[in-house]
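Quick notes on the structure that follows.
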Amino acid sequence: MTARLLESKEIAPGVLHLEFELASGEELSFVPGQFVSLKRMFEGKEVIRAYSIASVPNGNRFALCLNEVRCGLFSPFLFMLQPGAEIEVAPPLGYFTLRNRDRDMLMIATGTGVAPFRSMLAAHLAELNTQVTLMLGTRYAGTLLYREEFEDLARKYPNFRFWPTITKPAEDWTGRTGRVQQHLDEALDGRTDLDVYLCGLKEMVDDIRGLLKQRGFDRKHVVYEKYD
């Protein structure tokens with residue numbers, strides 16, 4: 001399939017939100033939480049990169065959220081891409097999707113790992129009767145991706161809590177500080193009867209999986225996706 005870039009917007013330093021549409025006009029069918037793979041030739045070799053979809057199913061349109069990896073190949077190219085440009089995209093894949101909607105959920109993300117949660121929450125939160133907590137960790141308040149959207153959801157839905165945490169807070173920051181791991185017990189409140197979803201850097205995901213195992217979680221109730 002071929003996707004056409006509609007909009008490129010920097011939503012934090014070194015982070016882009018990209019809006020695409022399928023050039024053919026056909027519908028892009030996916031489950032919130034899945035990813036697409038972009039393909040391009042670099043120096044005679046095909047390079048493929050997977051990115052979580054950061055939007056809800058919407059006809060032939062979809063959104064991605066990504067960091068610029070300065071020494072990489074693909075992200076610098078995407079940062080230079082202008083509206084109207086086209087790129088090859090593979091159909092959506094992945095199993096990082098909501099499992100049991102009758103259980104309370106704890107979602108934990110770092111950085112752009114929040115992208116699939118943006119898709120899940122926008123698509124499903126209105127129909128959920130369970131308690132959902134999103135914990136988002138980053139270095140600075142200015143890099144809390146989609147912060148206003150999540151704060152709006154927290155005001156609109158009593159069953160949703162948004163817990164941002166900052167490792168390098170400014171003096172005027174009054175919220176949680178430190179890594180997301182430090183607030184795990186507060187979010188769990190001694191419970192093991194909820195589903196935990198993890199998305200972000202490998203170190204964070206592996207660390208929290210270990211902590212959950214220590215606390216007696218069954219691994220079937222821990223769903224994760226990690227990247228380096």
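Please note that chains go A, B, ... in the order of the structure tokens, that every chain numbers its residues from 1, and that ligands are numbered from 1 in the order shown.
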
- Task: Would you return as a PyMOL selection string the members of range 32-165 of chain A that DSSP assigns to alpha helix (DSSP H) on this structure's backbone?
- Result: chain A and resi 74-80+115-124+147-156

- Message: Env of range 32-38 of chain A: 9 Å cut, atoms = only C-alpha atoms, seq-sep filter 5 positions within chain, self excluded. Answer as a count of residues only.
- Response: 35

- Residues of range 125-183 of chain A in strand (DSSP E) according to DSSP, as a VMD selection string? chain A and resid 132 to 138 160 to 166 176 to 177

- Message: Just checking: using only C-alpha atoms, which residue out of A:Tyr140, A:Phe79, A:Phe42, A:Phe62 ends up closest to Val15 in chain A?
- Response: A:Phe79

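One finds CA of Asp195 in chain A at 25.4 Å from CA of Thr167 in chain A.
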
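Our summary of the geometry notes that CA of Thr130 in chain A is positioned 5.0 Å from CA of Asp104 in chain A.
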
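Minimum atom-to-atom distances from A:Ser24, A:Thr133, A:Ser8, A:Thr112 to Leu184 in chain A were compared using only C-alpha atoms, and the lowest value belongs to A:Thr133.
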
- Message: As an exercise, work out the distance from CA of Ala12 in chain A to CA of Asn67 in chain A in Å and give it to one decimal place.
- Response: 9.3 Å
